[in-house]
file structure-v8.csv (CSV, C-alpha atoms)
chain,number,residue,atom,x,y,z
A,1358,MET,CA,106.1,84.3,51.3
A,1359,PHE,CA,105.9,88.1,51.1
A,1360,SER,CA,106.1,91.0,53.5
A,1361,GLY,CA,103.3,93.3,52.1
A,1362,ILE,CA,105.8,96.0,51.2
A,1363,ILE,CA,105.0,97.0,47.6
A,1364,ALA,CA,108.0,97.3,45.3
A,1365,ALA,CA,106.3,98.7,42.2
A,1366,CYS,CA,102.9,99.3,40.5
A,1367,GLY,CA,102.3,97.4,37.3
A,1368,ARG,CA,99.5,97.4,34.8
A,1369,ILE,CA,97.6,94.5,33.1
A,1370,GLU,CA,98.4,94.8,29.4
A,1371,ARG,CA,96.7,91.7,28.0
A,1372,ILE,CA,94.4,88.9,29.1
A,1373,GLU,CA,94.3,85.7,27.1
A,1374,PRO,CA,91.7,83.0,27.8
A,1375,LEU,CA,93.0,79.5,28.8
A,1376,GLN,CA,91.0,76.3,29.1
A,1377,ASP,CA,90.4,77.0,32.8
A,1378,GLY,CA,91.5,80.5,33.5
A,1379,VAL,CA,93.5,83.2,31.9
A,1380,ARG,CA,97.1,84.3,31.1
A,1381,LEU,CA,97.9,87.8,32.3
A,1382,THR,CA,100.6,89.9,30.6
A,1383,VAL,CA,101.7,92.6,33.2
A,1384,ASP,CA,103.9,95.6,32.5
A,1385,THR,CA,105.9,95.5,35.7
A,1386,GLY,CA,106.9,99.2,35.5
A,1387,ASP,CA,109.8,99.9,37.8
A,1388,LEU,CA,110.0,96.4,39.3
A,1389,ASP,CA,113.6,95.1,39.1
A,1390,LEU,CA,113.3,91.8,37.1
A,1391,SER,CA,117.1,91.2,36.9
A,1392,ASP,CA,116.9,88.4,39.5
A,1393,VAL,CA,113.5,87.0,38.4
A,1394,GLN,CA,113.4,83.6,36.6
A,1395,ILE,CA,110.6,81.5,35.1
A,1396,GLY,CA,108.9,79.8,38.0
A,1397,ASP,CA,109.5,82.5,40.5
A,1398,SER,CA,106.6,84.0,42.5
A,1399,ILE,CA,105.4,87.6,42.3
A,1400,ALA,CA,102.4,88.9,44.2
A,1401,ASN,CA,99.9,90.8,42.1
A,1402,SER,CA,97.7,92.9,44.4
A,1403,GLY,CA,98.1,90.3,47.1
A,1404,VAL,CA,97.7,87.2,44.8
A,1405,CYS,CA,100.8,85.0,44.6
A,1406,LEU,CA,101.3,84.2,40.9
A,1407,THR,CA,104.0,82.2,39.1
A,1408,VAL,CA,106.0,83.8,36.3
A,1409,VAL,CA,105.5,81.7,33.1
A,1410,ALA,CA,107.3,84.0,30.7
A,1411,LEU,CA,109.4,87.2,30.6
A,1412,ASP,CA,109.9,89.7,27.9
A,1413,GLY,CA,111.7,92.9,28.9
A,1414,ARG,CA,109.4,94.6,31.5
A,1415,LEU,CA,106.5,92.2,30.6
A,1416,ALA,CA,105.8,89.3,32.9
A,1417,ARG,CA,103.2,86.6,32.1
A,1418,PHE,CA,101.2,84.7,34.7
A,1419,ASP,CA,98.6,81.9,34.4
A,1420,VAL,CA,95.6,82.5,36.7
A,1421,SER,CA,93.2,79.7,37.4
A,1422,ARG,CA,89.4,80.2,37.2
A,1423,GLU,CA,89.2,79.4,41.0
A,1424,THR,CA,91.6,82.2,41.7
A,1425,LEU,CA,89.7,84.7,39.5
A,1426,ASN,CA,86.5,83.7,41.3
A,1427,CYS,CA,87.8,84.6,44.8
A,1428,THR,CA,89.9,87.7,44.1
A,1429,ALA,CA,89.4,91.2,42.6
A,1430,GLY,CA,91.3,93.2,40.1
A,1431,LEU,CA,92.9,90.6,37.9
A,1432,ASP,CA,90.2,90.4,35.3
A,1433,GLN,CA,90.4,93.7,33.3
A,1434,VAL,CA,93.0,95.1,30.9
A,1435,GLY,CA,94.4,98.4,32.3
A,1436,ASN,CA,94.0,97.6,35.9
A,1437,GLU,CA,96.9,98.7,38.1
A,1438,VAL,CA,98.4,95.9,40.3
A,1439,ASN,CA,100.7,96.1,43.3
A,1440,LEU,CA,103.8,94.1,42.8
A,1441,GLU,CA,106.1,92.4,45.2
A,1442,LYS,CA,108.7,89.7,44.6
A,1443,ALA,CA,108.8,86.7,47.0
A,1444,LEU,CA,111.0,87.2,50.1
A,1445,ARG,CA,114.5,85.8,50.5
A,1446,LEU,CA,115.5,84.6,53.9
A,1447,ALA,CA,118.0,87.5,54.2
A,1448,ASP,CA,115.4,90.2,53.4
A,1449,ARG,CA,114.1,92.6,56.0
A,1450,LEU,CA,110.5,91.9,57.1
A,1451,GLY,CA,109.2,95.5,56.9
A,1452,GLY,CA,105.5,94.6,57.0
A,1453,HIS,CA,104.3,91.2,58.3
A,1454,LEU,CA,104.3,87.6,57.0
A,1455,VAL,CA,102.0,87.4,54.0
A,1456,THR,CA,101.3,84.2,52.1
A,1457,GLY,CA,99.8,85.6,48.9
A,1458,HIS,CA,96.7,83.5,49.3
A,1459,VAL,CA,93.7,85.8,49.4
A,1460,ASP,CA,91.1,84.9,52.0
A,1461,GLY,CA,88.3,86.9,50.5
A,1462,VAL,CA,87.1,90.1,48.9
A,1463,GLY,CA,86.2,93.1,51.0
A,1464,GLU,CA,84.3,96.3,50.0
A,1465,VAL,CA,85.5,99.8,50.5
A,1466,VAL,CA,83.0,101.8,52.7
A,1467,ARG,CA,85.0,105.0,52.8
A,1468,PHE,CA,88.2,106.4,51.4
A,1469,ALA,CA,88.8,110.0,52.2
A,1470,PRO,CA,91.6,112.4,53.1
A,1471,VAL,CA,92.2,113.2,56.7
A,1472,GLY,CA,94.9,115.9,57.0
A,1473,GLU,CA,97.9,114.6,55.0
A,1474,SER,CA,96.7,111.0,55.3
A,1475,HIS,CA,93.7,109.0,54.1
A,1476,GLU,CA,91.2,107.0,56.1
A,1477,LEU,CA,90.3,103.7,54.5
A,1478,VAL,CA,87.3,101.8,55.9
A,1479,ILE,CA,86.6,98.3,54.6
A,1480,ARG,CA,83.7,95.9,55.2
A,1481,ALA,CA,85.0,92.4,55.6
A,1482,PRO,CA,83.0,89.3,54.6
A,1483,ALA,CA,81.3,87.8,57.6
A,1484,SER,CA,83.5,84.8,57.4
A,1485,LEU,CA,86.7,86.9,57.9
A,1486,ALA,CA,85.5,89.7,60.2
A,1487,GLY,CA,86.4,87.7,63.3
A,1488,TYR,CA,90.1,87.6,62.3
A,1489,ILE,CA,90.4,91.4,62.1
A,1490,ALA,CA,91.7,92.9,65.3
A,1491,LYS,CA,92.5,96.5,66.5
A,1492,LYS,CA,96.3,97.2,66.1
A,1493,GLY,CA,96.6,93.9,64.2
A,1494,SER,CA,97.8,93.4,60.7
A,1495,ALA,CA,95.8,92.9,57.5
A,1496,THR,CA,96.8,92.7,53.9
A,1497,ILE,CA,94.8,94.9,51.5
A,1498,ASN,CA,95.6,94.4,47.7
A,1499,GLY,CA,98.9,93.0,48.9
A,1500,VAL,CA,99.8,95.9,51.1
A,1501,SER,CA,100.7,95.2,54.8
A,1502,LEU,CA,98.6,97.6,56.9
A,1503,THR,CA,97.8,98.1,60.6
A,1504,VAL,CA,94.2,98.1,61.7
A,1505,ASN,CA,93.2,101.3,63.7
A,1506,GLN,CA,89.6,100.5,64.7
A,1507,VAL,CA,87.1,97.6,64.3
A,1508,GLU,CA,83.3,97.9,64.5
A,1509,GLY,CA,81.4,94.9,63.5
A,1510,ARG,CA,82.5,93.8,60.0
A,1511,ASP,CA,84.0,97.3,59.3
A,1512,PHE,CA,87.6,98.2,60.0
A,1513,SER,CA,89.5,101.4,59.4
A,1514,ILE,CA,93.1,102.0,58.4
A,1515,ASN,CA,95.2,105.1,58.3
A,1516,LEU,CA,97.1,105.4,55.0
A,1517,ILE,CA,100.2,107.7,55.0
A,1518,PRO,CA,100.9,109.7,51.9
A,1519,HIS,CA,103.7,107.4,50.8
A,1520,THR,CA,101.5,104.3,50.8
A,1521,VAL,CA,98.8,106.1,48.8
A,1522,ALA,CA,101.4,107.4,46.3
A,1523,VAL,CA,103.2,104.1,45.5
A,1524,THR,CA,100.3,101.6,45.5
A,1525,ASN,CA,97.0,101.1,43.7
A,1526,LEU,CA,95.1,102.0,46.9
A,1527,LYS,CA,94.9,105.6,45.5
A,1528,ARG,CA,92.4,104.3,43.0
A,1529,LEU,CA,89.9,103.2,45.6
A,1530,ALA,CA,86.5,104.6,46.2
A,1531,ALA,CA,83.4,103.6,48.1
A,1532,GLY,CA,82.2,100.3,46.6
A,1533,SER,CA,85.6,99.2,45.3
A,1534,PRO,CA,86.4,95.5,45.9
A,1535,VAL,CA,89.7,94.7,47.6
A,1536,ASN,CA,91.7,91.5,48.1
A,1537,LEU,CA,92.0,90.7,51.8
A,1538,GLU,CA,94.4,88.3,53.5
A,1539,ILE,CA,94.1,87.9,57.3
A,1540,ASP,CA,97.1,87.7,59.6
A,1541,LEU,CA,98.8,84.3,59.4
A,1542,ILE,CA,99.0,84.1,63.2
A,1543,ALA,CA,95.2,84.4,63.5
A,1544,ARG,CA,94.8,81.3,61.4
A,1545,TYR,CA,97.0,79.2,63.7
A,1546,VAL,CA,95.4,80.6,66.9
A,1547,GLU,CA,91.9,79.6,65.6
A,1548,ARG,CA,93.1,76.1,64.7
A,1549,MET,CA,94.8,75.6,68.0
A,1550,LEU,CA,91.7,76.7,69.9
A,1551,ALA,CA,89.5,74.5,67.7
A,1552,TRP,CA,91.8,71.5,68.2
A,1553,ARG,CA,91.8,72.0,72.0
A,1554,GLU,CA,88.0,71.9,72.0
A,1555,GLU,CA,87.9,68.8,69.7
A,1556,GLY,CA,90.5,67.0,71.9
A,1557,ALA,CA,88.5,67.7,75.0
A,1558,GLN,CA,85.5,65.9,73.6

call {"tool": "encode", "arguments": {"input": "structure-v8.csv", "output": "structure tokens"}}
result
Amino acid sequence: MFSGIIAACGRIERIEPLQDGVRLTVDTGDLDLSDVQIGDSIANSGVCLTVVALDGRLARFDVSRETLNCTAGLDQVGNEVNLEKALRLADRLGGHLVTGHVDGVGEVVRFAPVGESHELVIRAPASLAGYIAKKGSATINGVSLTVNQVEGRDFSINLIPHTVAVTNLKRLAAGSPVNLEIDLIARYVERMLAWREEGAQ
């Protein structure tokens, strides 16, 4: 589990093909790896990946073809990735509960400065739009964010200067793909309602 509070920005340095996927080598930048071991989980732009090798600041991750097919940003050398180590039970939950399992890829409709902040408008896939709620939580490229407005499949977010400065969201532009993870609570609410209807039949 993660909180959606980004600890550092890394960069994909190498991509090696595997039989059914790729191995990523990521320069983890300022991420503290002193307590990271082989087998630990680190979210890369919202995608939970397992560390398979460590070499100084370099961490290597195996990514399946299925994961590559349903996410964005893990397929090109030089791409910047938002990094977060898995939560410990004693950690503060500064964002919201994030699983690191991307639900789908959205598209940036607008990314523009508004005063000191930025407005980010994203178009969600039709299959996910119903889970996005005003004042609810959504994870964009691994970043825990609060939804300001929702209109159809489009939802807007206000990004404070700090968030823009310390994440790869500053690289976004209209048309950019982004990894989306819906709020964990929304999944359970849907399942409970569906089961209630099934049980009544």

call {"tool": "residues_around", "arguments": {"input": "structure-v8.csv", "residues": "A:Val1434", "least_positions_apart": "3", "cutoff": "8 Å", "atoms": "all atoms listed in the file", "output": "PDB file with C-alpha atoms, in the coordinates of the input"}}
result
ATOM      1  CA  ARG A1368      99.500  97.400  34.800  1.00  0.00           C
ATOM      2  CA  ILE A1369      97.600  94.500  33.100  1.00  0.00           C
ATOM      3  CA  GLU A1370      98.400  94.800  29.400  1.00  0.00           C
ATOM      4  CA  ARG A1371      96.700  91.700  28.000  1.00  0.00           C
ATOM      5  CA  ILE A1372      94.400  88.900  29.100  1.00  0.00           C
TER       6      ILE A1372
END

call {"tool": "atom_distance", "arguments": {"input": "structure-v8.csv", "atom1": "atom CA of A:Asp1432", "atom2": "atom CA of A:Ile1363"}}
result
20.3 Å

call {"tool": "atom_distance", "arguments": {"input": "structure-v8.csv", "atom1": "atom CA of A:Leu1444", "atom2": "atom CA of A:Ser1513"}}
result
27.4 Å

call {"tool": "atom_distance", "arguments": {"input": "structure-v8.csv", "atom1": "atom CA of A:Phe1359", "atom2": "atom CA of A:Arg1380"}}
result
22.2 Å

call {"tool": "residues_around", "arguments": {"input": "structure-v8.csv", "residues": "stretch 1543-1549 of chain A", "least_positions_apart": "6", "cutoff": "10 Å", "atoms": "all atoms listed in the file", "output": "PyMOL selection string"}}
result
chain A and resi 1487-1490+1493-1494+1555

call {"tool": "closest_residue", "arguments": {"input": "structure-v8.csv", "among": "A:Gly1396, A:Gly1367, A:Pro1482, A:Gly1556", "to": "A:Leu1431", "atoms": "only C-alpha atoms"}}
result
A:Gly1367

call {"tool": "closest_residue", "arguments": {"input": "structure-v8.csv", "among": "A:Asp1384, A:Asp1419, A:Glu1464, A:Asp1412", "to": "A:Phe1512", "atoms": "all atoms listed in the file"}}
result
A:Glu1464

call {"tool": "residues_around", "arguments": {"input": "structure-v8.csv", "residues": "stretch 1398-1402 of chain A", "least_positions_apart": "5", "cutoff": "8 Å", "atoms": "all atoms listed in the file", "output": "list in words"}}
result
Phe1359, Thr1407, Val1408, Gly1430, Val1438, Asn1439, Leu1440, Glu1441, Lys1442, Ala1443, Gly1457, Ile1497, Asn1498, Gly1499, Val1500 and Asn1536 of chain A

call {"tool": "closest_residue", "arguments": {"input": "structure-v8.csv", "among": "A:Ala1481, A:Ala1495, A:Leu1375, A:Leu1541", "to": "A:Met1358", "atoms": "all atoms listed in the file"}}
result
A:Leu1541

call {"tool": "residues_around", "arguments": {"input": "structure-v8.csv", "residues": "stretch 1517-1530 of chain A", "least_positions_apart": "6", "cutoff": "7 Å", "atoms": "all atoms listed in the file", "output": "MDAnalysis selection string"}}
result
chainID A and resid 1363 1366 1437:1439 1465 1467:1468 1473:1475

call {"tool": "residues_around", "arguments": {"input": "structure-v8.csv", "residues": "A:Gly1463", "least_positions_apart": "2", "cutoff": "10 Å", "atoms": "all atoms listed in the file", "output": "PyMOL selection string"}}
result
chain A and resi 1428-1429+1460-1461+1465-1466+1479-1483+1485-1486+1497+1510-1511+1532-1538

call {"tool": "closest_residue", "arguments": {"input": "structure-v8.csv", "among": "A:Arg1414, A:Arg1422, A:Arg1553, A:His1453", "to": "A:Thr1496", "atoms": "only C-alpha atoms"}}
result
A:His1453

call {"tool": "closest_residue", "arguments": {"input": "structure-v8.csv", "among": "A:Ile1539, A:Val1478, A:Gly1378, A:Val1462", "to": "A:Gly1509", "atoms": "all atoms listed in the file"}}
result
A:Val1478

call {"tool": "closest_residue", "arguments": {"input": "structure-v8.csv", "among": "A:Cys1427, A:Val1404, A:Leu1502, A:Val1507", "to": "A:His1458", "atoms": "only C-alpha atoms"}}
result
A:Val1404

call {"tool": "build_atoms", "arguments": {"input": "structure-v8.csv", "residues": "stretch 1494-1505 of chain A", "atoms": "N, CA and C atoms", "output": "compact mmCIF listing (two decimals), keeping the file's coordinate frame"}}
result
# COMPACT_ATOMS: atom_id res chain seq x y z
N SER A 1494 97.41 93.18 62.09
CA SER A 1494 97.80 93.40 60.70
C SER A 1494 96.77 92.79 59.75
N ALA A 1495 96.62 93.43 58.60
CA ALA A 1495 95.80 92.90 57.50
C ALA A 1495 96.44 93.29 56.21
N THR A 1496 96.22 92.47 55.20
CA THR A 1496 96.80 92.70 53.90
C THR A 1496 95.66 93.16 52.95
N ILE A 1497 95.78 94.36 52.37
CA ILE A 1497 94.80 94.90 51.50
C ILE A 1497 95.45 95.07 50.09
N ASN A 1498 94.97 94.34 49.09
CA ASN A 1498 95.60 94.40 47.70
C ASN A 1498 97.09 94.17 47.81
N GLY A 1499 97.50 93.31 48.73
CA GLY A 1499 98.90 93.00 48.90
C GLY A 1499 99.71 93.91 49.75
N VAL A 1500 99.08 94.95 50.31
CA VAL A 1500 99.80 95.90 51.10
C VAL A 1500 99.59 95.59 52.61
N SER A 1501 100.70 95.47 53.33
CA SER A 1501 100.70 95.20 54.80
C SER A 1501 100.25 96.49 55.50
N LEU A 1502 99.15 96.41 56.26
CA LEU A 1502 98.60 97.60 56.90
C LEU A 1502 98.21 97.24 58.36
N THR A 1503 98.19 98.29 59.21
CA THR A 1503 97.80 98.10 60.60
C THR A 1503 96.36 98.61 60.78
N VAL A 1504 95.56 97.81 61.44
CA VAL A 1504 94.20 98.10 61.70
C VAL A 1504 94.06 99.14 62.83
N ASN A 1505 93.35 100.24 62.61
CA ASN A 1505 93.20 101.30 63.70
C ASN A 1505 91.98 100.97 64.55
